[in-house]
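Since the structure comes first, as structure tokens, the remarks are kept for the end.
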Amino acid sequence: MMLMCNPVSDRGPAAWHRDHHPIDTAPLQGYLDDILETGPRYVQWNLSLYDDNVLWVIPGSHLRVNTDEENGQLLTDPRVPLPNGVQTHLNAGDGVVYILPILHWGSNYSRKMRRTIHGGFSNFTHYPTLDYIECLSPQVQEMFNRWDKRSQQMQMWTEYALQSVIEKNAIAYHTALEKLHPGRDEKGKLLSTVFLCKAACFVALTHGCELEDIPDDLRNRGKGFHSITLNWGPPFAEERFTREEAVILWERFKPLDALLKTDEEHFSPGFQSGPMRYYFNEMPPNFGVSDFIASWQE
């Protein structure tokens with residue numbers, strides 16, 4: 001959670017974008033399929049303390065890729081209204097909730113007083129510290145303790161999933177996936193597998209493993225944590241895996257990483273990144289969790 005405030009000088013419009021980085025998460029289609037199957041894993045909200053009309057959204061864009069018309073406008077000028085864009089007119093005290101990865105726009109960052117609480121909630125929340133908890137009411141302390149307990153459980157099942165890959169234990173891997181993403185939704189479990197692929201990459205990088213064909217942007221992102229996608233940060237990697245395990249882990253996931261890339265750099269508008277080899281939109285075709293397991297059971 002953070003507070004979005006007005007700048008001290010007029011900055012004008014930002015660019016339309018999705019809060020989504022395929023390089024360290026997954027292609028957009030993986031998110032869309034998962035949302036359609038079981039609902040969102042992450043939601044964001046804006047709660048305005050003063051009147052606020054900065055945010056624009058494209059309703060329904062959290063369930064589809066960009067249209068050709070949208071891509072054409074984004075490539076021409078990403079800082080003007082898009083067709084079907086809706087401006088949110090929030091009075092003081094109003095809020096708007098939206099699903100990642102909706103296409104949206106910060107239309108005008110001016111000196112007008114702005115104090116808008118920007119928060120989010122994820123299935124995989126991580127709390128690096130709870131030193132402040134004693135300042136909260138007993139009821140809220142109980143909530144934070146419950147969320148932290150869930151976070152610890154999700155970290156445990158992430159470790160269990162990665163260790164099962166190291167040990168080539170398909171049954172244990174399916175068990176871990178069921179805990180991380182309950183249900184029979186194969187596309188959602190494939191998305192979790194892609195997240196685990198990124199986590200394996202960050203575990204290997206944290207242990208100083210020499211990984212080929214990994215861009216610097218991805219290396220830098222691995223230095224922090226991104227628990228929405230099962231990257232729990234360097235302490236998780238250092239304390240739960242040895243360097244030898246990290247090497248084996250990446251060898252198991254490297255074939256999947258290759259399927260997430262193109263032969264040459266490319267670019268798709270509406271994302272918060274420049275050209276790269278990782279696919280922006282497309283998940284690996286005709287590939288599922290069983291194919292991933294088969295790739296390391298040979």
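Naming works like this for the structure tokens: A, B, ... for the chains as they're shown, residue 1 at the start of each chain, ligands 1 onward in shown order.
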
Could you build a table of the residues in segment 116-164 of chain A lying no more than 7 Å from segment 227-239 of chain A, giving for each the nearest pair of atoms and their separation in Å rounded to one decimal place, using only C-alpha atoms, ordered by chain and ascending residue number, as CSV?
```
residue,atom,partner,partner_atom,distance
A:Ser122,CA,A:Ile228,CA,6.2
A:Phe124,CA,A:Ile228,CA,5.3
A:Thr125,CA,A:Ser227,CA,6.0
A:His126,CA,A:Ser227,CA,6.0
A:Thr158,CA,A:Leu230,CA,6.9
```

Selected residues written out, N, CA, C and O atoms, as a compact mmCIF listing (two decimals), in the first residue's frame:
```txt
# COMPACT_ATOMS: atom_id res chain seq x y z
N SER A 122 -3.07 -9.69 -2.47
CA SER A 122 -2.62 -10.83 -3.25
C SER A 122 -2.87 -12.12 -2.48
O SER A 122 -2.87 -12.14 -1.24
N PHE A 124 -0.66 -14.28 -2.40
CA PHE A 124 0.68 -14.59 -1.90
C PHE A 124 1.32 -13.32 -1.33
O PHE A 124 2.17 -12.70 -1.96
N THR A 125 0.88 -12.92 -0.14
CA THR A 125 1.38 -11.69 0.47
C THR A 125 2.62 -11.98 1.30
O THR A 125 2.71 -13.02 1.95
N HIS A 126 3.57 -11.06 1.26
CA HIS A 126 4.82 -11.24 2.01
C HIS A 126 5.05 -10.02 2.91
O HIS A 126 4.92 -8.89 2.46
N THR A 158 5.77 -23.32 -1.61
CA THR A 158 6.66 -22.97 -2.72
C THR A 158 7.95 -23.77 -2.62
O THR A 158 8.43 -24.33 -3.62
```

Practice task
Using DSSP on the backbone coordinates, identify all residues within segment 112-233 of chain A classified as strand (DSSP E or B); present the result as a VMD selection string.
Solution key: chain A and resid 115 to 122 226 231

For Ile117 of chain A, work out the shell of residues within 7 Å, counting only C-alpha atoms and skipping chain neighbours fewer than 5 positions away, then give it as a PDB file with all heavy atoms, in the first residue's frame.
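Saved to selection36.pdb:
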```
ATOM      1  N   MET A   2       0.433   2.257  -0.713  1.00  0.00           N
ATOM      2  CA  MET A   2       1.176   3.518  -0.745  1.00  0.00           C
ATOM      3  C   MET A   2       0.186   4.665  -0.904  1.00  0.00           C
ATOM      4  O   MET A   2      -1.011   4.451  -1.120  1.00  0.00           O
ATOM      5  CB  MET A   2       2.188   3.521  -1.888  1.00  0.00           C
ATOM      6  CG  MET A   2       1.587   3.458  -3.265  1.00  0.00           C
ATOM      7  SD  MET A   2       2.868   3.439  -4.561  1.00  0.00           S
ATOM      8  CE  MET A   2       1.864   3.482  -6.034  1.00  0.00           C
ATOM      9  N   LEU A   3       0.693   5.876  -0.792  1.00  0.00           N
ATOM     10  CA  LEU A   3      -0.123   7.075  -0.960  1.00  0.00           C
ATOM     11  C   LEU A   3       0.358   7.803  -2.207  1.00  0.00           C
ATOM     12  O   LEU A   3       1.533   8.159  -2.317  1.00  0.00           O
ATOM     13  CB  LEU A   3       0.008   7.980   0.260  1.00  0.00           C
ATOM     14  CG  LEU A   3      -0.923   9.193   0.297  1.00  0.00           C
ATOM     15  CD1 LEU A   3      -2.379   8.756   0.453  1.00  0.00           C
ATOM     16  CD2 LEU A   3      -0.542  10.127   1.443  1.00  0.00           C
ATOM     17  N   MET A   4      -0.536   8.001  -3.168  1.00  0.00           N
ATOM     18  CA  MET A   4      -0.201   8.722  -4.395  1.00  0.00           C
ATOM     19  C   MET A   4      -0.518  10.202  -4.183  1.00  0.00           C
ATOM     20  O   MET A   4      -1.667  10.564  -3.900  1.00  0.00           O
ATOM     21  CB  MET A   4      -0.984   8.158  -5.578  1.00  0.00           C
ATOM     22  CG  MET A   4      -0.652   6.700  -5.853  1.00  0.00           C
ATOM     23  SD  MET A   4      -1.345   6.067  -7.403  1.00  0.00           S
ATOM     24  CE  MET A   4      -3.098   6.120  -7.034  1.00  0.00           C
ATOM     25  N   ASN A  46      -7.940   2.257  -5.659  1.00  0.00           N
ATOM     26  CA  ASN A  46      -7.636   3.657  -5.384  1.00  0.00           C
ATOM     27  C   ASN A  46      -8.734   4.200  -4.477  1.00  0.00           C
ATOM     28  O   ASN A  46      -9.919   4.099  -4.806  1.00  0.00           O
ATOM     29  CB  ASN A  46      -7.611   4.491  -6.675  1.00  0.00           C
ATOM     30  CG  ASN A  46      -6.379   4.221  -7.515  1.00  0.00           C
ATOM     31  OD1 ASN A  46      -5.610   3.318  -7.227  1.00  0.00           O
ATOM     32  ND2 ASN A  46      -6.210   4.994  -8.573  1.00  0.00           N
ATOM     33  N   LEU A  47      -8.349   4.763  -3.347  1.00  0.00           N
ATOM     34  CA  LEU A  47      -9.286   5.366  -2.404  1.00  0.00           C
ATOM     35  C   LEU A  47      -8.888   6.825  -2.243  1.00  0.00           C
ATOM     36  O   LEU A  47      -7.849   7.138  -1.665  1.00  0.00           O
ATOM     37  CB  LEU A  47      -9.245   4.640  -1.060  1.00  0.00           C
ATOM     38  CG  LEU A  47     -10.132   5.195   0.057  1.00  0.00           C
ATOM     39  CD1 LEU A  47     -11.602   5.122  -0.346  1.00  0.00           C
ATOM     40  CD2 LEU A  47      -9.901   4.439   1.359  1.00  0.00           C
ATOM     41  N   SER A  48      -9.703   7.735  -2.765  1.00  0.00           N
ATOM     42  CA  SER A  48      -9.323   9.146  -2.830  1.00  0.00           C
ATOM     43  C   SER A  48      -9.723   9.894  -1.554  1.00  0.00           C
ATOM     44  O   SER A  48     -10.854   9.793  -1.083  1.00  0.00           O
ATOM     45  CB  SER A  48      -9.981   9.816  -4.047  1.00  0.00           C
ATOM     46  OG  SER A  48     -11.391   9.716  -3.964  1.00  0.00           O
TER      47      SER A  48
END
```

Can you pull out every residue within 10 Å of segment 143-157 of chain A, counting only C-alpha atoms, but drop anything in the same chain fewer than 4 positions away, and send it as a PDB file with all heavy atoms, in the first residue's frame?
```
ATOM      1  N   ASN A 123      -3.022 -13.217  -3.215  1.00  0.00           N
ATOM      2  CA  ASN A 123      -3.061 -14.531  -2.584  1.00  0.00           C
ATOM      3  C   ASN A 123      -1.736 -14.855  -1.900  1.00  0.00           C
ATOM      4  O   ASN A 123      -1.683 -15.639  -0.963  1.00  0.00           O
ATOM      5  CB  ASN A 123      -3.354 -15.609  -3.631  1.00  0.00           C
ATOM      6  CG  ASN A 123      -4.811 -15.656  -4.021  1.00  0.00           C
ATOM      7  OD1 ASN A 123      -5.643 -14.960  -3.445  1.00  0.00           O
ATOM      8  ND2 ASN A 123      -5.139 -16.465  -5.007  1.00  0.00           N
ATOM      9  N   PHE A 124      -0.656 -14.275  -2.402  1.00  0.00           N
ATOM     10  CA  PHE A 124       0.681 -14.587  -1.898  1.00  0.00           C
ATOM     11  C   PHE A 124       1.321 -13.317  -1.330  1.00  0.00           C
ATOM     12  O   PHE A 124       2.165 -12.699  -1.962  1.00  0.00           O
ATOM     13  CB  PHE A 124       1.561 -15.158  -3.013  1.00  0.00           C
ATOM     14  CG  PHE A 124       0.919 -16.297  -3.759  1.00  0.00           C
ATOM     15  CD1 PHE A 124       0.728 -16.224  -5.124  1.00  0.00           C
ATOM     16  CD2 PHE A 124       0.508 -17.438  -3.090  1.00  0.00           C
ATOM     17  CE1 PHE A 124       0.142 -17.275  -5.813  1.00  0.00           C
ATOM     18  CE2 PHE A 124      -0.086 -18.487  -3.763  1.00  0.00           C
ATOM     19  CZ  PHE A 124      -0.268 -18.411  -5.139  1.00  0.00           C
ATOM     20  N   THR A 125       0.879 -12.920  -0.145  1.00  0.00           N
ATOM     21  CA  THR A 125       1.379 -11.694   0.469  1.00  0.00           C
ATOM     22  C   THR A 125       2.617 -11.983   1.302  1.00  0.00           C
ATOM     23  O   THR A 125       2.707 -13.016   1.955  1.00  0.00           O
ATOM     24  CB  THR A 125       0.292 -11.064   1.354  1.00  0.00           C
ATOM     25  OG1 THR A 125      -0.897 -10.901   0.576  1.00  0.00           O
ATOM     26  CG2 THR A 125       0.733  -9.712   1.863  1.00  0.00           C
ATOM     27  N   HIS A 126       3.573 -11.062   1.264  1.00  0.00           N
ATOM     28  CA  HIS A 126       4.821 -11.236   2.015  1.00  0.00           C
ATOM     29  C   HIS A 126       5.045 -10.022   2.907  1.00  0.00           C
ATOM     30  O   HIS A 126       4.918  -8.890   2.460  1.00  0.00           O
ATOM     31  CB  HIS A 126       5.998 -11.402   1.049  1.00  0.00           C
ATOM     32  CG  HIS A 126       7.320 -11.563   1.728  1.00  0.00           C
ATOM     33  ND1 HIS A 126       7.495 -12.372   2.823  1.00  0.00           N
ATOM     34  CD2 HIS A 126       8.537 -11.021   1.463  1.00  0.00           C
ATOM     35  CE1 HIS A 126       8.760 -12.329   3.202  1.00  0.00           C
ATOM     36  NE2 HIS A 126       9.404 -11.512   2.403  1.00  0.00           N
ATOM     37  N   TYR A 127       5.383 -10.253   4.174  1.00  0.00           N
ATOM     38  CA  TYR A 127       5.658  -9.184   5.116  1.00  0.00           C
ATOM     39  C   TYR A 127       7.105  -9.304   5.591  1.00  0.00           C
ATOM     40  O   TYR A 127       7.419 -10.149   6.435  1.00  0.00           O
ATOM     41  CB  TYR A 127       4.713  -9.254   6.321  1.00  0.00           C
ATOM     42  CG  TYR A 127       3.258  -9.141   5.939  1.00  0.00           C
ATOM     43  CD1 TYR A 127       2.466 -10.276   5.779  1.00  0.00           C
ATOM     44  CD2 TYR A 127       2.683  -7.899   5.703  1.00  0.00           C
ATOM     45  CE1 TYR A 127       1.136 -10.168   5.406  1.00  0.00           C
ATOM     46  CE2 TYR A 127       1.355  -7.779   5.340  1.00  0.00           C
ATOM     47  CZ  TYR A 127       0.583  -8.925   5.196  1.00  0.00           C
ATOM     48  OH  TYR A 127      -0.726  -8.809   4.824  1.00  0.00           O
ATOM     49  N   PRO A 128       8.028  -8.498   5.040  1.00  0.00           N
ATOM     50  CA  PRO A 128       9.432  -8.572   5.465  1.00  0.00           C
ATOM     51  C   PRO A 128       9.605  -8.302   6.950  1.00  0.00           C
ATOM     52  O   PRO A 128      10.507  -8.829   7.589  1.00  0.00           O
ATOM     53  CB  PRO A 128      10.113  -7.484   4.620  1.00  0.00           C
ATOM     54  CG  PRO A 128       9.197  -7.246   3.464  1.00  0.00           C
ATOM     55  CD  PRO A 128       7.823  -7.483   3.993  1.00  0.00           C
ATOM     56  N   THR A 129       8.751  -7.471   7.516  1.00  0.00           N
ATOM     57  CA  THR A 129       8.816  -7.181   8.943  1.00  0.00           C
ATOM     58  C   THR A 129       7.419  -6.839   9.457  1.00  0.00           C
ATOM     59  O   THR A 129       6.592  -6.297   8.722  1.00  0.00           O
ATOM     60  CB  THR A 129       9.765  -6.009   9.248  1.00  0.00           C
ATOM     61  OG1 THR A 129       9.747  -5.742  10.650  1.00  0.00           O
ATOM     62  CG2 THR A 129       9.354  -4.763   8.486  1.00  0.00           C
ATOM     63  N   LEU A 130       7.179  -7.179  10.712  1.00  0.00           N
ATOM     64  CA  LEU A 130       5.935  -6.790  11.384  1.00  0.00           C
ATOM     65  C   LEU A 130       6.253  -5.992  12.645  1.00  0.00           C
ATOM     66  O   LEU A 130       5.519  -6.031  13.637  1.00  0.00           O
ATOM     67  CB  LEU A 130       5.103  -8.034  11.725  1.00  0.00           C
ATOM     68  CG  LEU A 130       4.449  -8.766  10.546  1.00  0.00           C
ATOM     69  CD1 LEU A 130       3.752 -10.030  11.025  1.00  0.00           C
ATOM     70  CD2 LEU A 130       3.455  -7.864   9.825  1.00  0.00           C
ATOM     71  N   ILE A 133       3.506  -3.862  14.319  1.00  0.00           N
ATOM     72  CA  ILE A 133       2.217  -4.464  14.656  1.00  0.00           C
ATOM     73  C   ILE A 133       1.723  -4.036  16.038  1.00  0.00           C
ATOM     74  O   ILE A 133       0.521  -3.941  16.289  1.00  0.00           O
ATOM     75  CB  ILE A 133       2.296  -5.999  14.549  1.00  0.00           C
ATOM     76  CG1 ILE A 133       0.885  -6.593  14.486  1.00  0.00           C
ATOM     77  CG2 ILE A 133       3.097  -6.605  15.696  1.00  0.00           C
ATOM     78  CD1 ILE A 133       0.852  -8.050  14.104  1.00  0.00           C
ATOM     79  N   LEU A 136      -0.886  -1.293  16.255  1.00  0.00           N
ATOM     80  CA  LEU A 136      -2.209  -1.528  15.696  1.00  0.00           C
ATOM     81  C   LEU A 136      -3.169  -2.007  16.773  1.00  0.00           C
ATOM     82  O   LEU A 136      -2.763  -2.488  17.833  1.00  0.00           O
ATOM     83  CB  LEU A 136      -2.111  -2.571  14.577  1.00  0.00           C
ATOM     84  CG  LEU A 136      -1.095  -2.282  13.468  1.00  0.00           C
ATOM     85  CD1 LEU A 136      -1.039  -3.441  12.475  1.00  0.00           C
ATOM     86  CD2 LEU A 136      -1.431  -0.980  12.744  1.00  0.00           C
ATOM     87  N   SER A 137      -4.441  -1.899  16.473  1.00  0.00           N
ATOM     88  CA  SER A 137      -5.460  -2.367  17.415  1.00  0.00           C
ATOM     89  C   SER A 137      -5.402  -3.890  17.508  1.00  0.00           C
ATOM     90  O   SER A 137      -4.915  -4.564  16.590  1.00  0.00           O
ATOM     91  CB  SER A 137      -6.843  -1.934  16.940  1.00  0.00           C
ATOM     92  OG  SER A 137      -7.203  -2.663  15.762  1.00  0.00           O
ATOM     93  N   PRO A 138      -5.892  -4.475  18.605  1.00  0.00           N
ATOM     94  CA  PRO A 138      -5.874  -5.939  18.735  1.00  0.00           C
ATOM     95  C   PRO A 138      -6.553  -6.645  17.568  1.00  0.00           C
ATOM     96  O   PRO A 138      -6.076  -7.690  17.106  1.00  0.00           O
ATOM     97  CB  PRO A 138      -6.618  -6.175  20.053  1.00  0.00           C
ATOM     98  CG  PRO A 138      -6.368  -4.932  20.846  1.00  0.00           C
ATOM     99  CD  PRO A 138      -6.364  -3.809  19.849  1.00  0.00           C
ATOM    100  N   GLN A 139      -7.648  -6.097  17.088  1.00  0.00           N
ATOM    101  CA  GLN A 139      -8.362  -6.721  15.977  1.00  0.00           C
ATOM    102  C   GLN A 139      -7.500  -6.737  14.722  1.00  0.00           C
ATOM    103  O   GLN A 139      -7.412  -7.750  14.021  1.00  0.00           O
ATOM    104  CB  GLN A 139      -9.669  -5.981  15.700  1.00  0.00           C
ATOM    105  CG  GLN A 139     -10.460  -6.587  14.547  1.00  0.00           C
ATOM    106  CD  GLN A 139     -11.734  -5.808  14.249  1.00  0.00           C
ATOM    107  OE1 GLN A 139     -11.963  -4.732  14.817  1.00  0.00           O
ATOM    108  NE2 GLN A 139     -12.560  -6.335  13.371  1.00  0.00           N
ATOM    109  N   ALA A 161       7.262 -27.359  -3.569  1.00  0.00           N
ATOM    110  CA  ALA A 161       7.126 -27.537  -5.012  1.00  0.00           C
ATOM    111  C   ALA A 161       8.497 -27.575  -5.688  1.00  0.00           C
ATOM    112  O   ALA A 161       8.767 -28.445  -6.533  1.00  0.00           O
ATOM    113  CB  ALA A 161       6.280 -26.413  -5.603  1.00  0.00           C
ATOM    114  N   LEU A 162       9.368 -26.641  -5.317  1.00  0.00           N
ATOM    115  CA  LEU A 162      10.693 -26.582  -5.948  1.00  0.00           C
ATOM    116  C   LEU A 162      11.535 -27.792  -5.564  1.00  0.00           C
ATOM    117  O   LEU A 162      12.261 -28.345  -6.408  1.00  0.00           O
ATOM    118  CB  LEU A 162      11.386 -25.281  -5.556  1.00  0.00           C
ATOM    119  CG  LEU A 162      10.704 -23.993  -6.051  1.00  0.00           C
ATOM    120  CD1 LEU A 162      11.424 -22.755  -5.509  1.00  0.00           C
ATOM    121  CD2 LEU A 162      10.638 -23.944  -7.568  1.00  0.00           C
ATOM    122  N   GLN A 163      11.448 -28.233  -4.300  1.00  0.00           N
ATOM    123  CA  GLN A 163      12.197 -29.420  -3.885  1.00  0.00           C
ATOM    124  C   GLN A 163      11.689 -30.666  -4.604  1.00  0.00           C
ATOM    125  O   GLN A 163      12.476 -31.557  -4.948  1.00  0.00           O
ATOM    126  CB  GLN A 163      12.091 -29.612  -2.374  1.00  0.00           C
ATOM    127  CG  GLN A 163      12.886 -28.622  -1.547  1.00  0.00           C
ATOM    128  CD  GLN A 163      14.388 -28.842  -1.633  1.00  0.00           C
ATOM    129  OE1 GLN A 163      14.875 -29.778  -2.282  1.00  0.00           O
ATOM    130  NE2 GLN A 163      15.140 -27.958  -0.985  1.00  0.00           N
ATOM    131  N   TYR A 173       4.902 -32.722  -6.527  1.00  0.00           N
ATOM    132  CA  TYR A 173       4.717 -31.461  -7.261  1.00  0.00           C
ATOM    133  C   TYR A 173       3.232 -31.153  -7.430  1.00  0.00           C
ATOM    134  O   TYR A 173       2.792 -30.016  -7.225  1.00  0.00           O
ATOM    135  CB  TYR A 173       5.408 -31.523  -8.626  1.00  0.00           C
ATOM    136  CG  TYR A 173       5.376 -30.208  -9.364  1.00  0.00           C
ATOM    137  CD1 TYR A 173       6.175 -29.147  -8.956  1.00  0.00           C
ATOM    138  CD2 TYR A 173       4.527 -30.006 -10.453  1.00  0.00           C
ATOM    139  CE1 TYR A 173       6.139 -27.915  -9.612  1.00  0.00           C
ATOM    140  CE2 TYR A 173       4.488 -28.791 -11.113  1.00  0.00           C
ATOM    141  CZ  TYR A 173       5.296 -27.750 -10.695  1.00  0.00           C
ATOM    142  OH  TYR A 173       5.259 -26.542 -11.342  1.00  0.00           O
ATOM    143  N   THR A 175       0.850 -32.141  -5.485  1.00  0.00           N
ATOM    144  CA  THR A 175       0.342 -31.783  -4.158  1.00  0.00           C
ATOM    145  C   THR A 175       0.622 -30.319  -3.845  1.00  0.00           C
ATOM    146  O   THR A 175      -0.246 -29.594  -3.347  1.00  0.00           O
ATOM    147  CB  THR A 175       0.986 -32.676  -3.089  1.00  0.00           C
ATOM    148  OG1 THR A 175       0.640 -34.041  -3.337  1.00  0.00           O
ATOM    149  CG2 THR A 175       0.503 -32.267  -1.689  1.00  0.00           C
ATOM    150  N   ALA A 176       1.858 -29.881  -4.140  1.00  0.00           N
ATOM    151  CA  ALA A 176       2.225 -28.488  -3.877  1.00  0.00           C
ATOM    152  C   ALA A 176       1.407 -27.532  -4.730  1.00  0.00           C
ATOM    153  O   ALA A 176       0.946 -26.492  -4.242  1.00  0.00           O
ATOM    154  CB  ALA A 176       3.716 -28.290  -4.145  1.00  0.00           C
ATOM    155  N   LEU A 177       1.210 -27.873  -5.996  1.00  0.00           N
ATOM    156  CA  LEU A 177       0.401 -27.017  -6.865  1.00  0.00           C
ATOM    157  C   LEU A 177      -1.027 -26.893  -6.340  1.00  0.00           C
ATOM    158  O   LEU A 177      -1.634 -25.817  -6.402  1.00  0.00           O
ATOM    159  CB  LEU A 177       0.367 -27.569  -8.290  1.00  0.00           C
ATOM    160  CG  LEU A 177       1.544 -27.280  -9.212  1.00  0.00           C
ATOM    161  CD1 LEU A 177       1.226 -27.782 -10.621  1.00  0.00           C
ATOM    162  CD2 LEU A 177       1.881 -25.797  -9.250  1.00  0.00           C
ATOM    163  N   GLU A 178      -1.561 -27.984  -5.826  1.00  0.00           N
ATOM    164  CA  GLU A 178      -2.921 -27.958  -5.299  1.00  0.00           C
ATOM    165  C   GLU A 178      -3.016 -27.031  -4.094  1.00  0.00           C
ATOM    166  O   GLU A 178      -4.027 -26.351  -3.898  1.00  0.00           O
ATOM    167  CB  GLU A 178      -3.360 -29.374  -4.923  1.00  0.00           C
ATOM    168  CG  GLU A 178      -4.767 -29.463  -4.348  1.00  0.00           C
ATOM    169  CD  GLU A 178      -5.851 -29.033  -5.328  1.00  0.00           C
ATOM    170  OE1 GLU A 178      -5.636 -29.135  -6.555  1.00  0.00           O
ATOM    171  OE2 GLU A 178      -6.919 -28.585  -4.857  1.00  0.00           O
ATOM    172  N   LYS A 179      -1.963 -26.970  -3.282  1.00  0.00           N
ATOM    173  CA  LYS A 179      -1.949 -26.073  -2.129  1.00  0.00           C
ATOM    174  C   LYS A 179      -1.778 -24.617  -2.566  1.00  0.00           C
ATOM    175  O   LYS A 179      -2.381 -23.711  -1.978  1.00  0.00           O
ATOM    176  CB  LYS A 179      -0.824 -26.467  -1.175  1.00  0.00           C
ATOM    177  CG  LYS A 179      -1.009 -27.827  -0.527  1.00  0.00           C
ATOM    178  CD  LYS A 179      -2.236 -27.856   0.383  1.00  0.00           C
ATOM    179  CE  LYS A 179      -2.349 -29.185   1.119  1.00  0.00           C
ATOM    180  NZ  LYS A 179      -3.517 -29.221   2.039  1.00  0.00           N
ATOM    181  N   LEU A 180      -0.952 -24.396  -3.575  1.00  0.00           N
ATOM    182  CA  LEU A 180      -0.713 -23.036  -4.055  1.00  0.00           C
ATOM    183  C   LEU A 180      -1.878 -22.517  -4.887  1.00  0.00           C
ATOM    184  O   LEU A 180      -2.149 -21.313  -4.900  1.00  0.00           O
ATOM    185  CB  LEU A 180       0.573 -22.990  -4.882  1.00  0.00           C
ATOM    186  CG  LEU A 180       1.880 -23.221  -4.122  1.00  0.00           C
ATOM    187  CD1 LEU A 180       3.038 -23.407  -5.104  1.00  0.00           C
ATOM    188  CD2 LEU A 180       2.174 -22.059  -3.179  1.00  0.00           C
ATOM    189  N   SER A 227       6.287 -11.427  -4.255  1.00  0.00           N
ATOM    190  CA  SER A 227       5.570 -12.595  -3.761  1.00  0.00           C
ATOM    191  C   SER A 227       4.303 -12.902  -4.555  1.00  0.00           C
ATOM    192  O   SER A 227       3.796 -14.029  -4.486  1.00  0.00           O
ATOM    193  CB  SER A 227       5.225 -12.408  -2.283  1.00  0.00           C
ATOM    194  OG  SER A 227       4.445 -11.244  -2.086  1.00  0.00           O
ATOM    195  N   LEU A 230       5.490 -15.724  -6.484  1.00  0.00           N
ATOM    196  CA  LEU A 230       6.223 -16.767  -5.763  1.00  0.00           C
ATOM    197  C   LEU A 230       7.717 -16.526  -5.688  1.00  0.00           C
ATOM    198  O   LEU A 230       8.469 -17.445  -5.349  1.00  0.00           O
ATOM    199  CB  LEU A 230       5.936 -18.155  -6.369  1.00  0.00           C
ATOM    200  CG  LEU A 230       4.460 -18.564  -6.400  1.00  0.00           C
ATOM    201  CD1 LEU A 230       4.289 -19.938  -7.048  1.00  0.00           C
ATOM    202  CD2 LEU A 230       3.855 -18.562  -5.008  1.00  0.00           C
ATOM    203  N   ASN A 231       8.170 -15.315  -5.989  1.00  0.00           N
ATOM    204  CA  ASN A 231       9.563 -14.960  -5.712  1.00  0.00           C
ATOM    205  C   ASN A 231       9.584 -14.316  -4.332  1.00  0.00           C
ATOM    206  O   ASN A 231       9.235 -13.153  -4.164  1.00  0.00           O
ATOM    207  CB  ASN A 231      10.100 -13.986  -6.764  1.00  0.00           C
ATOM    208  CG  ASN A 231      11.474 -13.438  -6.384  1.00  0.00           C
ATOM    209  OD1 ASN A 231      12.193 -14.035  -5.585  1.00  0.00           O
ATOM    210  ND2 ASN A 231      11.829 -12.304  -6.949  1.00  0.00           N
ATOM    211  N   TRP A 232      10.042 -15.080  -3.318  1.00  0.00           N
ATOM    212  CA  TRP A 232       9.977 -14.626  -1.936  1.00  0.00           C
ATOM    213  C   TRP A 232      11.223 -13.876  -1.514  1.00  0.00           C
ATOM    214  O   TRP A 232      11.365 -13.519  -0.342  1.00  0.00           O
ATOM    215  CB  TRP A 232       9.736 -15.813  -1.017  1.00  0.00           C
ATOM    216  CG  TRP A 232       8.459 -16.530  -1.293  1.00  0.00           C
ATOM    217  CD1 TRP A 232       8.313 -17.703  -1.980  1.00  0.00           C
ATOM    218  CD2 TRP A 232       7.136 -16.132  -0.914  1.00  0.00           C
ATOM    219  NE1 TRP A 232       6.991 -18.065  -2.056  1.00  0.00           N
ATOM    220  CE2 TRP A 232       6.241 -17.119  -1.413  1.00  0.00           C
ATOM    221  CE3 TRP A 232       6.626 -15.051  -0.199  1.00  0.00           C
ATOM    222  CZ2 TRP A 232       4.864 -17.037  -1.214  1.00  0.00           C
ATOM    223  CZ3 TRP A 232       5.256 -14.977  -0.009  1.00  0.00           C
ATOM    224  CH2 TRP A 232       4.385 -15.959  -0.510  1.00  0.00           C
ATOM    225  N   PHE A 236      14.827 -16.203   1.283  1.00  0.00           N
ATOM    226  CA  PHE A 236      14.149 -17.470   1.000  1.00  0.00           C
ATOM    227  C   PHE A 236      15.077 -18.386   0.211  1.00  0.00           C
ATOM    228  O   PHE A 236      15.216 -19.586   0.524  1.00  0.00           O
ATOM    229  CB  PHE A 236      12.865 -17.203   0.210  1.00  0.00           C
ATOM    230  CG  PHE A 236      12.149 -18.431  -0.270  1.00  0.00           C
ATOM    231  CD1 PHE A 236      11.211 -19.057   0.542  1.00  0.00           C
ATOM    232  CD2 PHE A 236      12.386 -18.937  -1.529  1.00  0.00           C
ATOM    233  CE1 PHE A 236      10.540 -20.196   0.102  1.00  0.00           C
ATOM    234  CE2 PHE A 236      11.721 -20.078  -1.981  1.00  0.00           C
ATOM    235  CZ  PHE A 236      10.797 -20.705  -1.165  1.00  0.00           C
ATOM    236  N   ARG A 240      16.817 -21.779   2.191  1.00  0.00           N
ATOM    237  CA  ARG A 240      16.079 -23.021   1.932  1.00  0.00           C
ATOM    238  C   ARG A 240      16.691 -23.886   0.844  1.00  0.00           C
ATOM    239  O   ARG A 240      16.242 -25.034   0.655  1.00  0.00           O
ATOM    240  CB  ARG A 240      14.626 -22.689   1.584  1.00  0.00           C
ATOM    241  CG  ARG A 240      13.944 -21.827   2.663  1.00  0.00           C
ATOM    242  CD  ARG A 240      12.477 -21.703   2.436  1.00  0.00           C
ATOM    243  NE  ARG A 240      11.867 -20.729   3.343  1.00  0.00           N
ATOM    244  CZ  ARG A 240      10.670 -20.881   3.903  1.00  0.00           C
ATOM    245  NH1 ARG A 240       9.977 -21.978   3.693  1.00  0.00           N
ATOM    246  NH2 ARG A 240      10.180 -19.944   4.703  1.00  0.00           N
TER     247      ARG A 240
END
```

Would you tabulate, counting only C-alpha atoms, all residues of segment 29-131 of chain A that have an atom at most 10 Å from an atom of segment 260-280 of chain A, showing the closest pair of atoms and their distance in Å to one decimal, sorted by chain then ascending number, as CSV?
```
residue,atom,partner,partner_atom,distance
A:Gln29,CA,A:Phe280,CA,8.5
A:Val65,CA,A:Gly270,CA,9.7
A:Asn66,CA,A:Gly270,CA,8.0
A:Glu70,CA,A:Pro269,CA,8.8
A:Asn71,CA,A:Pro269,CA,6.1
A:Gly72,CA,A:Pro269,CA,8.8
A:Gln73,CA,A:Pro269,CA,9.3
A:Leu74,CA,A:Pro269,CA,6.1
A:Leu75,CA,A:Pro269,CA,6.5
A:Pro78,CA,A:Gly270,CA,8.0
A:Pro101,CA,A:Phe271,CA,9.8
A:Leu103,CA,A:Gly270,CA,7.3
A:His104,CA,A:Gly270,CA,9.0
A:Trp105,CA,A:Gly270,CA,9.9
```
